[in-house]
Amino acid sequence: MTRDLSQAQLLRRGFYERSPEIVARALLGKILVHDRRGERLAGRITETEAYLGLGDAASHAFTGLSAFNAVLFGPAGYTDVFLIYGVHYCLNVSCLPDGEPGGVLFRAVDPLEGIATMARLRGLEENASAKSLTGGPGRLSEAFGITRAKHHGIDVTRTDSILRILDDGGRPKRVEVTARIGIRKAADQPLRFVVADKLATVRAR
DNA sequence: GTGAGGATCGTCT
DNA sequence: GACGATCCTCACA
């Protein structure tokens, strides 16, 4: 049941110029699009995490501005891609106006278009589950073919960007808020946002 | 079904 | 020189 994405609206910069926890929640149900070598890969966002910046020990921006985290301090609506554990890439988008650090980590999407390509990039069969395809920050980046070399610092609010986020009116019925995952510092803060029925399937495995 | 451990590299101290 | 916003594989029950 592929929706017609041609009617979907590109999210403008003002959408991202809010606090990360607001943006993280608002991004659920939106559509992440990657124009990759003439093919469109798309997925509906089902899980995000907010990283606040200077007051948040878990955030890369916590220790202050550096070349590594400069995107988080810059204008809202730019991608921040980084390598974790030397193995996986994670995709963020910057929040808050220029000069204020903050970002949202994309943790999972539901694949909509280009599923065969996603499966190939992940080294899986085409009938692989959504969870194994794009259910995790590293998996999501791999399925979309996202790397720091090609996708770091992209403006997702431009119609001619290869990475964009669209709103087709889809909204999650219910959103669960939990503690963030996979971090040690400030791990108790409720800054992870999950589409509720997704959480159920994750719990059930 | 569940848990432990290894891979691997950019960034910071 | 150490560590991390992760994922996969392999034991073991």
# chains A, B, ... in the order shown; residues from 1 in each chain; ligands from 1

$ interface_residues --of "chain C" --to "chain A" --cutoff "9 Å" --atoms "only C-alpha atoms (C1' of nucleotides)" --output "list in words"
DC3, DG4, DA5, DT6 and DC7 of chain C

$ select_by_dssp --residues "chain A" --states "strand (DSSP E or B)" --output "PyMOL selection string"
chain A and resi 9-10+31-36+39-51+78-84+88-94+103-113+135+155+163-167+175-178+192-195

$ residues_around --residues "Pro172 of chain A" --least-positions-apart "5" --cutoff "12 Å" --atoms "only C-alpha atoms (C1' of nucleotides)" --output "number ranges by chain"
A: 25-30, 44-47, 193-199

$ write_last_selection --atoms "all heavy atoms" --output "compact mmCIF listing (two decimals), in the first residue's frame"
# COMPACT_ATOMS: atom_id res chain seq x y z
N ARG A 25 9.37 14.48 18.42
CA ARG A 25 8.00 13.95 18.46
C ARG A 25 7.26 14.26 17.17
O ARG A 25 6.54 13.41 16.63
CB ARG A 25 7.25 14.54 19.65
CG ARG A 25 5.83 14.07 19.78
CD ARG A 25 5.09 14.85 20.86
NE ARG A 25 5.45 14.48 22.21
CZ ARG A 25 4.80 13.55 22.92
NH1 ARG A 25 3.78 12.92 22.39
NH2 ARG A 25 5.17 13.28 24.14
N ALA A 26 7.46 15.49 16.67
CA ALA A 26 6.73 15.92 15.46
C ALA A 26 7.19 15.15 14.22
O ALA A 26 6.44 15.03 13.25
CB ALA A 26 6.93 17.42 15.26
N LEU A 27 8.41 14.62 14.24
CA LEU A 27 8.93 13.91 13.06
C LEU A 27 8.31 12.53 12.89
O LEU A 27 8.36 11.95 11.81
CB LEU A 27 10.45 13.78 13.15
CG LEU A 27 11.26 15.01 12.72
CD1 LEU A 27 12.73 14.82 13.03
CD2 LEU A 27 11.08 15.27 11.23
N LEU A 28 7.73 11.98 13.96
CA LEU A 28 7.11 10.65 13.85
C LEU A 28 5.97 10.71 12.84
O LEU A 28 5.13 11.60 12.89
CB LEU A 28 6.59 10.18 15.20
CG LEU A 28 7.65 9.95 16.28
CD1 LEU A 28 6.99 9.54 17.60
CD2 LEU A 28 8.64 8.89 15.85
N GLY A 29 5.94 9.75 11.91
CA GLY A 29 4.92 9.72 10.88
C GLY A 29 5.31 10.47 9.62
O GLY A 29 4.66 10.31 8.58
N LYS A 30 6.36 11.28 9.68
CA LYS A 30 6.85 11.98 8.50
C LYS A 30 7.65 11.00 7.64
O LYS A 30 7.96 9.88 8.07
CB LYS A 30 7.72 13.17 8.90
CG LYS A 30 7.01 14.19 9.78
CD LYS A 30 5.83 14.82 9.06
CE LYS A 30 5.23 15.95 9.88
NZ LYS A 30 4.48 15.44 11.07
N ARG A 44 8.70 5.74 6.38
CA ARG A 44 7.97 6.55 7.35
C ARG A 44 8.65 6.45 8.71
O ARG A 44 8.91 5.34 9.19
CB ARG A 44 6.51 6.09 7.45
CG ARG A 44 5.64 7.04 8.26
CD ARG A 44 4.18 6.60 8.26
NE ARG A 44 3.64 6.47 6.91
CZ ARG A 44 3.19 7.51 6.18
NH1 ARG A 44 3.21 8.72 6.68
NH2 ARG A 44 2.73 7.32 4.97
N ILE A 45 8.93 7.60 9.31
CA ILE A 45 9.70 7.65 10.56
C ILE A 45 8.87 7.09 11.72
O ILE A 45 7.74 7.53 11.95
CB ILE A 45 10.14 9.08 10.84
CG1 ILE A 45 11.05 9.57 9.71
CG2 ILE A 45 10.86 9.17 12.19
CD1 ILE A 45 11.25 11.07 9.69
N THR A 46 9.42 6.12 12.44
CA THR A 46 8.69 5.48 13.54
C THR A 46 9.39 5.62 14.89
O THR A 46 8.80 5.30 15.91
CB THR A 46 8.49 3.98 13.26
OG1 THR A 46 9.77 3.37 13.11
CG2 THR A 46 7.66 3.76 12.02
N GLU A 47 10.62 6.07 14.89
CA GLU A 47 11.35 6.16 16.16
C GLU A 47 12.43 7.23 16.07
O GLU A 47 13.21 7.25 15.13
CB GLU A 47 11.96 4.80 16.50
CG GLU A 47 12.59 4.74 17.88
CD GLU A 47 13.12 3.34 18.21
OE1 GLU A 47 12.69 2.37 17.56
OE2 GLU A 47 13.96 3.24 19.11
N PHE A 193 11.23 8.83 21.36
CA PHE A 193 9.84 8.88 20.93
C PHE A 193 9.59 7.76 19.93
O PHE A 193 10.30 7.63 18.95
CB PHE A 193 9.54 10.24 20.30
CG PHE A 193 9.78 11.39 21.25
CD1 PHE A 193 11.03 11.99 21.33
CD2 PHE A 193 8.77 11.83 22.09
CE1 PHE A 193 11.26 13.04 22.22
CE2 PHE A 193 9.00 12.87 22.99
CZ PHE A 193 10.24 13.48 23.05
N VAL A 194 8.56 6.95 20.19
CA VAL A 194 8.28 5.77 19.38
C VAL A 194 6.80 5.74 19.03
O VAL A 194 5.95 5.98 19.90
CB VAL A 194 8.63 4.47 20.13
CG1 VAL A 194 8.59 3.28 19.18
CG2 VAL A 194 9.97 4.59 20.82
N VAL A 195 6.47 5.44 17.77
CA VAL A 195 5.08 5.21 17.40
C VAL A 195 4.58 4.01 18.20
O VAL A 195 5.25 2.97 18.24
CB VAL A 195 4.96 4.94 15.89
CG1 VAL A 195 3.53 4.58 15.52
CG2 VAL A 195 5.41 6.17 15.11
N ALA A 196 3.43 4.16 18.86
CA ALA A 196 3.03 3.22 19.91
C ALA A 196 2.93 1.78 19.43
O ALA A 196 3.41 0.87 20.09
CB ALA A 196 1.71 3.68 20.51
N ASP A 197 2.32 1.52 18.27
CA ASP A 197 2.17 0.13 17.85
C ASP A 197 3.53 -0.46 17.48
O ASP A 197 3.73 -1.67 17.52
CB ASP A 197 1.17 0.00 16.70
CG ASP A 197 1.63 0.79 15.47
OD1 ASP A 197 2.33 1.79 15.66
OD2 ASP A 197 1.28 0.39 14.37
N LYS A 198 4.48 0.42 17.11
CA LYS A 198 5.84 -0.06 16.85
C LYS A 198 6.47 -0.57 18.13
O LYS A 198 7.12 -1.60 18.16
CB LYS A 198 6.69 1.08 16.30
CG LYS A 198 6.62 1.23 14.83
CD LYS A 198 7.20 0.02 14.15
CE LYS A 198 6.51 -0.14 12.81
NZ LYS A 198 6.75 -1.45 12.22
N LEU A 199 6.27 0.18 19.20
CA LEU A 199 6.85 -0.20 20.47
C LEU A 199 6.37 -1.59 20.86
O LEU A 199 7.13 -2.42 21.34
CB LEU A 199 6.47 0.82 21.55
CG LEU A 199 7.20 0.67 22.87
CD1 LEU A 199 8.66 1.05 22.72
CD2 LEU A 199 6.56 1.53 23.93

$ residues_around --residues "Ala42 of chain A" --least-positions-apart "2" --cutoff "12 Å" --atoms "only C-alpha atoms (C1' of nucleotides)" --output "PyMOL selection string"
chain A and resi 2-5+30-36+39-40+44-45+109-118+134+140+143-145+162-166

$ residues_around --residues "Val81 of chain A" --least-positions-apart "5" --cutoff "10 Å" --atoms "only C-alpha atoms (C1' of nucleotides)" --output "ChimeraX atom specification"
/A:68-69,71,89-93,105,141,146-154

$ write_last_selection --atoms "N, CA and C atoms" --output "PDB file, in the first residue's frame"
ATOM      1  N   PHE A  68      33.797  18.309  14.737  1.00  0.00           N
ATOM      2  CA  PHE A  68      33.005  17.087  14.724  1.00  0.00           C
ATOM      3  C   PHE A  68      31.507  17.376  14.836  1.00  0.00           C
ATOM      4  N   ASN A  69      31.140  18.352  15.674  1.00  0.00           N
ATOM      5  CA  ASN A  69      29.714  18.575  15.946  1.00  0.00           C
ATOM      6  C   ASN A  69      29.194  19.924  15.431  1.00  0.00           C
ATOM      7  N   VAL A  71      27.722  20.943  12.878  1.00  0.00           N
ATOM      8  CA  VAL A  71      26.389  20.987  12.281  1.00  0.00           C
ATOM      9  C   VAL A  71      25.312  21.210  13.347  1.00  0.00           C
ATOM     10  N   TYR A  89      26.926   4.019  10.739  1.00  0.00           N
ATOM     11  CA  TYR A  89      26.614   5.435  10.648  1.00  0.00           C
ATOM     12  C   TYR A  89      25.270   5.727  11.306  1.00  0.00           C
ATOM     13  N   CYS A  90      25.163   6.911  11.941  1.00  0.00           N
ATOM     14  CA  CYS A  90      23.907   7.371  12.508  1.00  0.00           C
ATOM     15  C   CYS A  90      23.537   8.702  11.877  1.00  0.00           C
ATOM     16  N   LEU A  91      22.232   8.888  11.620  1.00  0.00           N
ATOM     17  CA  LEU A  91      21.748  10.088  10.944  1.00  0.00           C
ATOM     18  C   LEU A  91      20.996  10.985  11.923  1.00  0.00           C
ATOM     19  N   ASN A  92      21.421  12.251  11.992  1.00  0.00           N
ATOM     20  CA  ASN A  92      20.738  13.265  12.805  1.00  0.00           C
ATOM     21  C   ASN A  92      20.292  14.404  11.911  1.00  0.00           C
ATOM     22  N   VAL A  93      19.373  15.210  12.438  1.00  0.00           N
ATOM     23  CA  VAL A  93      19.079  16.490  11.805  1.00  0.00           C
ATOM     24  C   VAL A  93      19.179  17.568  12.891  1.00  0.00           C
ATOM     25  N   LEU A 105      18.050  12.304  16.508  1.00  0.00           N
ATOM     26  CA  LEU A 105      18.591  11.083  15.912  1.00  0.00           C
ATOM     27  C   LEU A 105      17.440  10.263  15.332  1.00  0.00           C
ATOM     28  N   SER A 141      20.656   3.729   8.343  1.00  0.00           N
ATOM     29  CA  SER A 141      21.648   4.409   7.511  1.00  0.00           C
ATOM     30  C   SER A 141      22.169   3.483   6.423  1.00  0.00           C
ATOM     31  N   ILE A 146      23.442   5.746   3.439  1.00  0.00           N
ATOM     32  CA  ILE A 146      23.899   7.026   3.975  1.00  0.00           C
ATOM     33  C   ILE A 146      25.291   6.895   4.579  1.00  0.00           C
ATOM     34  N   THR A 147      26.207   7.786   4.181  1.00  0.00           N
ATOM     35  CA  THR A 147      27.561   7.816   4.733  1.00  0.00           C
ATOM     36  C   THR A 147      27.926   9.252   5.103  1.00  0.00           C
ATOM     37  N   ARG A 148      28.904   9.407   5.979  1.00  0.00           N
ATOM     38  CA  ARG A 148      29.344  10.755   6.360  1.00  0.00           C
ATOM     39  C   ARG A 148      29.949  11.470   5.151  1.00  0.00           C
ATOM     40  N   ALA A 149      30.634  10.722   4.299  1.00  0.00           N
ATOM     41  CA  ALA A 149      31.313  11.337   3.150  1.00  0.00           C
ATOM     42  C   ALA A 149      30.322  12.033   2.219  1.00  0.00           C
ATOM     43  N   LYS A 150      29.145  11.422   2.015  1.00  0.00           N
ATOM     44  CA  LYS A 150      28.204  11.945   1.018  1.00  0.00           C
ATOM     45  C   LYS A 150      27.015  12.674   1.616  1.00  0.00           C
ATOM     46  N   HIS A 151      26.694  12.421   2.867  1.00  0.00           N
ATOM     47  CA  HIS A 151      25.412  12.905   3.392  1.00  0.00           C
ATOM     48  C   HIS A 151      25.526  13.751   4.638  1.00  0.00           C
ATOM     49  N   HIS A 152      26.732  14.209   4.959  1.00  0.00           N
ATOM     50  CA  HIS A 152      26.914  15.056   6.129  1.00  0.00           C
ATOM     51  C   HIS A 152      26.718  16.521   5.741  1.00  0.00           C
ATOM     52  N   GLY A 153      25.904  17.256   6.515  1.00  0.00           N
ATOM     53  CA  GLY A 153      25.737  18.685   6.264  1.00  0.00           C
ATOM     54  C   GLY A 153      24.809  19.022   5.111  1.00  0.00           C
ATOM     55  N   ILE A 154      23.866  18.143   4.804  1.00  0.00           N
ATOM     56  CA  ILE A 154      22.887  18.401   3.739  1.00  0.00           C
ATOM     57  C   ILE A 154      21.686  19.145   4.308  1.00  0.00           C
TER      58      ILE A 154
END

$ residues_around --residues "DT13 of chain B" --least-positions-apart "2" --cutoff "12 Å" --atoms "only C-alpha atoms (C1' of nucleotides)" --output "PDB file with N, CA, C and O atoms (P, O5', C5', C4', C3', O3' and C1' of nucleotides), in the first residue's frame"
ATOM      1  N   THR A  63      30.235  18.973  24.993  1.00  0.00           N
ATOM      2  CA  THR A  63      31.573  19.478  25.317  1.00  0.00           C
ATOM      3  C   THR A  63      31.906  20.766  24.576  1.00  0.00           C
ATOM      4  O   THR A  63      33.022  21.263  24.689  1.00  0.00           O
TER       5      THR A  63
ATOM      6  P    DT B  11      36.009  12.874  12.920  1.00  0.00           P
ATOM      7  O5'  DT B  11      36.119  13.210  14.481  1.00  0.00           O
ATOM      8  C5'  DT B  11      35.042  12.874  15.340  1.00  0.00           C
ATOM      9  C4'  DT B  11      35.487  12.884  16.778  1.00  0.00           C
ATOM     10  C3'  DT B  11      36.300  14.127  17.176  1.00  0.00           C
ATOM     11  O3'  DT B  11      35.558  14.874  18.116  1.00  0.00           O
ATOM     12  C1'  DT B  11      37.240  12.113  18.056  1.00  0.00           C
TER      13       DT B  11
ATOM     14  P    DG C   1      50.010   4.410  23.591  1.00  0.00           P
ATOM     15  O5'  DG C   1      48.583   4.793  24.202  1.00  0.00           O
ATOM     16  C5'  DG C   1      48.510   5.219  25.558  1.00  0.00           C
ATOM     17  C4'  DG C   1      47.058   5.304  25.950  1.00  0.00           C
ATOM     18  C3'  DG C   1      46.252   4.035  25.677  1.00  0.00           C
ATOM     19  O3'  DG C   1      45.375   3.827  26.777  1.00  0.00           O
ATOM     20  C1'  DG C   1      45.270   5.844  24.526  1.00  0.00           C
ATOM     21  P    DA C   2      44.516   2.465  26.918  1.00  0.00           P
ATOM     22  O5'  DA C   2      43.047   3.075  27.047  1.00  0.00           O
ATOM     23  C5'  DA C   2      42.867   4.282  27.787  1.00  0.00           C
ATOM     24  C4'  DA C   2      41.470   4.806  27.520  1.00  0.00           C
ATOM     25  C3'  DA C   2      40.415   3.703  27.406  1.00  0.00           C
ATOM     26  O3'  DA C   2      39.274   4.079  28.142  1.00  0.00           O
ATOM     27  C1'  DA C   2      40.422   5.043  25.440  1.00  0.00           C
ATOM     28  P    DC C   3      38.085   3.025  28.400  1.00  0.00           P
ATOM     29  O5'  DC C   3      36.889   3.765  27.664  1.00  0.00           O
ATOM     30  C5'  DC C   3      36.837   5.181  27.679  1.00  0.00           C
ATOM     31  C4'  DC C   3      35.900   5.647  26.594  1.00  0.00           C
ATOM     32  C3'  DC C   3      34.710   4.702  26.370  1.00  0.00           C
ATOM     33  O3'  DC C   3      33.549   5.487  26.211  1.00  0.00           O
ATOM     34  C1'  DC C   3      35.811   5.071  24.338  1.00  0.00           C
TER      35       DC C   3
END

$ atom_distance --atom1 "atom CA of Phe73 of chain A" --atom2 "atom CA of Ala8 of chain A"
28.8 Å

$ closest_atom_pairs --of "chain B" --to "chain A" --cutoff "9 Å" --atoms "only C-alpha atoms (C1' of nucleotides)" --output "Markdown table"
| residue | atom | partner | partner_atom | distance |
| --- | --- | --- | --- | --- |
| B:DA7 | C1' | A:Val87 | CA | 7.3 |
| B:DT8 | C1' | A:Gly86 | CA | 4.4 |
| B:DC9 | C1' | A:Gly86 | CA | 4.3 |
| B:DG10 | C1' | A:Leu83 | CA | 7.2 |
| B:DT11 | C1' | A:Phe68 | CA | 7.3 |

$ residues_around --residues "DC12 of chain C" --least-positions-apart "3" --cutoff "12 Å" --atoms "only C-alpha atoms (C1' of nucleotides)" --output "VMD selection string"
chain B and resid 1 to 4

$ write_last_selection --atoms "N, CA, C and O atoms (P, O5', C5', C4', C3', O3' and C1' of nucleotides)" --output "CSV table (one decimal), in the first residue's frame"
chain,number,residue,atom,x,y,z
B,1,DG,P,11.3,-17.8,19.4
B,1,DG,O5',12.0,-17.5,20.8
B,1,DG,C5',11.3,-17.7,22.0
B,1,DG,C4',12.2,-17.4,23.2
B,1,DG,C3',12.8,-16.0,23.3
B,1,DG,O3',12.8,-15.6,24.7
B,1,DG,C1',14.6,-17.5,23.2
B,2,DT,P,13.1,-14.1,25.1
B,2,DT,O5',14.6,-14.2,25.6
B,2,DT,C5',14.9,-15.2,26.6
B,2,DT,C4',16.4,-15.1,26.9
B,2,DT,C3',17.0,-13.7,26.9
B,2,DT,O3',17.7,-13.5,28.2
B,2,DT,C1',18.3,-15.0,25.5
B,3,DG,P,18.2,-12.1,28.6
B,3,DG,O5',19.8,-12.3,28.6
B,3,DG,C5',20.3,-13.5,29.1
B,3,DG,C4',21.8,-13.6,28.7
B,3,DG,C3',22.6,-12.3,28.8
B,3,DG,O3',23.8,-12.5,29.4
B,3,DG,C1',22.8,-13.2,26.7
B,4,DA,P,24.7,-11.3,29.9
B,4,DA,O5',26.1,-11.6,29.3
B,4,DA,C5',26.5,-13.0,29.2
B,4,DA,C4',27.6,-13.1,28.2
B,4,DA,C3',28.6,-11.9,28.2
B,4,DA,O3',29.9,-12.5,28.0
B,4,DA,C1',27.6,-12.1,26.0

$ select_by_dssp --residues "segment 148-203 of chain A" --states "helix (DSSP H, G or I)" --output "number ranges by chain"
A: 148-151, 196-203

$ write_last_selection --atoms "all heavy atoms" --output "compact mmCIF listing (two decimals), in the first residue's frame"
# COMPACT_ATOMS: atom_id res chain seq x y z
N ARG A 148 28.90 9.41 5.98
CA ARG A 148 29.34 10.76 6.36
C ARG A 148 29.95 11.47 5.15
O ARG A 148 29.79 12.67 4.98
CB ARG A 148 30.35 10.68 7.51
CG ARG A 148 30.77 12.06 8.02
CD ARG A 148 31.62 11.95 9.26
NE ARG A 148 32.15 13.24 9.68
CZ ARG A 148 31.57 14.05 10.57
NH1 ARG A 148 30.44 13.68 11.12
NH2 ARG A 148 32.11 15.19 10.89
N ALA A 149 30.63 10.72 4.30
CA ALA A 149 31.31 11.34 3.15
C ALA A 149 30.32 12.03 2.22
O ALA A 149 30.59 13.12 1.71
CB ALA A 149 32.10 10.28 2.38
N LYS A 150 29.15 11.42 2.01
CA LYS A 150 28.20 11.94 1.02
C LYS A 150 27.01 12.67 1.62
O LYS A 150 26.35 13.45 0.93
CB LYS A 150 27.67 10.79 0.14
CG LYS A 150 28.69 10.20 -0.78
CD LYS A 150 28.02 9.18 -1.69
CE LYS A 150 29.05 8.57 -2.65
NZ LYS A 150 28.44 7.52 -3.48
N HIS A 151 26.69 12.42 2.87
CA HIS A 151 25.41 12.91 3.39
C HIS A 151 25.53 13.75 4.64
O HIS A 151 24.55 13.99 5.31
CB HIS A 151 24.48 11.71 3.65
CG HIS A 151 24.26 10.87 2.44
ND1 HIS A 151 25.01 9.77 2.15
CD2 HIS A 151 23.38 11.00 1.42
CE1 HIS A 151 24.61 9.25 1.01
NE2 HIS A 151 23.63 9.96 0.54
N ALA A 196 3.43 4.16 18.86
CA ALA A 196 3.03 3.22 19.91
C ALA A 196 2.93 1.78 19.43
O ALA A 196 3.41 0.87 20.09
CB ALA A 196 1.71 3.68 20.51
N ASP A 197 2.32 1.52 18.27
CA ASP A 197 2.17 0.13 17.85
C ASP A 197 3.53 -0.46 17.48
O ASP A 197 3.73 -1.67 17.52
CB ASP A 197 1.17 0.00 16.70
CG ASP A 197 1.63 0.79 15.47
OD1 ASP A 197 2.33 1.79 15.66
OD2 ASP A 197 1.28 0.39 14.37
N LYS A 198 4.48 0.42 17.11
CA LYS A 198 5.84 -0.06 16.85
C LYS A 198 6.47 -0.57 18.13
O LYS A 198 7.12 -1.60 18.16
CB LYS A 198 6.69 1.08 16.30
CG LYS A 198 6.62 1.23 14.83
CD LYS A 198 7.20 0.02 14.15
CE LYS A 198 6.51 -0.14 12.81
NZ LYS A 198 6.75 -1.45 12.22
N LEU A 199 6.27 0.18 19.20
CA LEU A 199 6.85 -0.20 20.47
C LEU A 199 6.37 -1.59 20.86
O LEU A 199 7.13 -2.42 21.34
CB LEU A 199 6.47 0.82 21.55
CG LEU A 199 7.20 0.67 22.87
CD1 LEU A 199 8.66 1.05 22.72
CD2 LEU A 199 6.56 1.53 23.93
N ALA A 200 5.08 -1.84 20.62
CA ALA A 200 4.51 -3.14 20.97
C ALA A 200 5.23 -4.26 20.20
O ALA A 200 5.59 -5.28 20.78
CB ALA A 200 3.02 -3.16 20.66
N THR A 201 5.48 -4.03 18.90
CA THR A 201 6.12 -5.08 18.12
C THR A 201 7.58 -5.24 18.54
O THR A 201 8.10 -6.34 18.54
CB THR A 201 6.07 -4.77 16.61
OG1 THR A 201 6.72 -3.52 16.39
CG2 THR A 201 4.65 -4.69 16.12
N VAL A 202 8.20 -4.14 18.94
CA VAL A 202 9.58 -4.24 19.40
C VAL A 202 9.64 -5.04 20.69
O VAL A 202 10.49 -5.89 20.88
CB VAL A 202 10.18 -2.83 19.61
CG1 VAL A 202 11.49 -2.93 20.35
CG2 VAL A 202 10.38 -2.14 18.27
N ARG A 203 8.69 -4.75 21.58
CA ARG A 203 8.66 -5.47 22.85
C ARG A 203 8.42 -6.95 22.63
O ARG A 203 9.02 -7.80 23.27
CB ARG A 203 7.57 -4.91 23.75
CG ARG A 203 8.02 -3.66 24.50
CD ARG A 203 6.88 -3.14 25.33
NE ARG A 203 7.30 -1.96 26.10
CZ ARG A 203 6.45 -1.06 26.56
NH1 ARG A 203 5.16 -1.18 26.30
NH2 ARG A 203 6.87 -0.04 27.25

$ atom_distance --atom1 "atom CA of Ser94 of chain A" --atom2 "atom CA of Thr178 of chain A"
21.1 Å
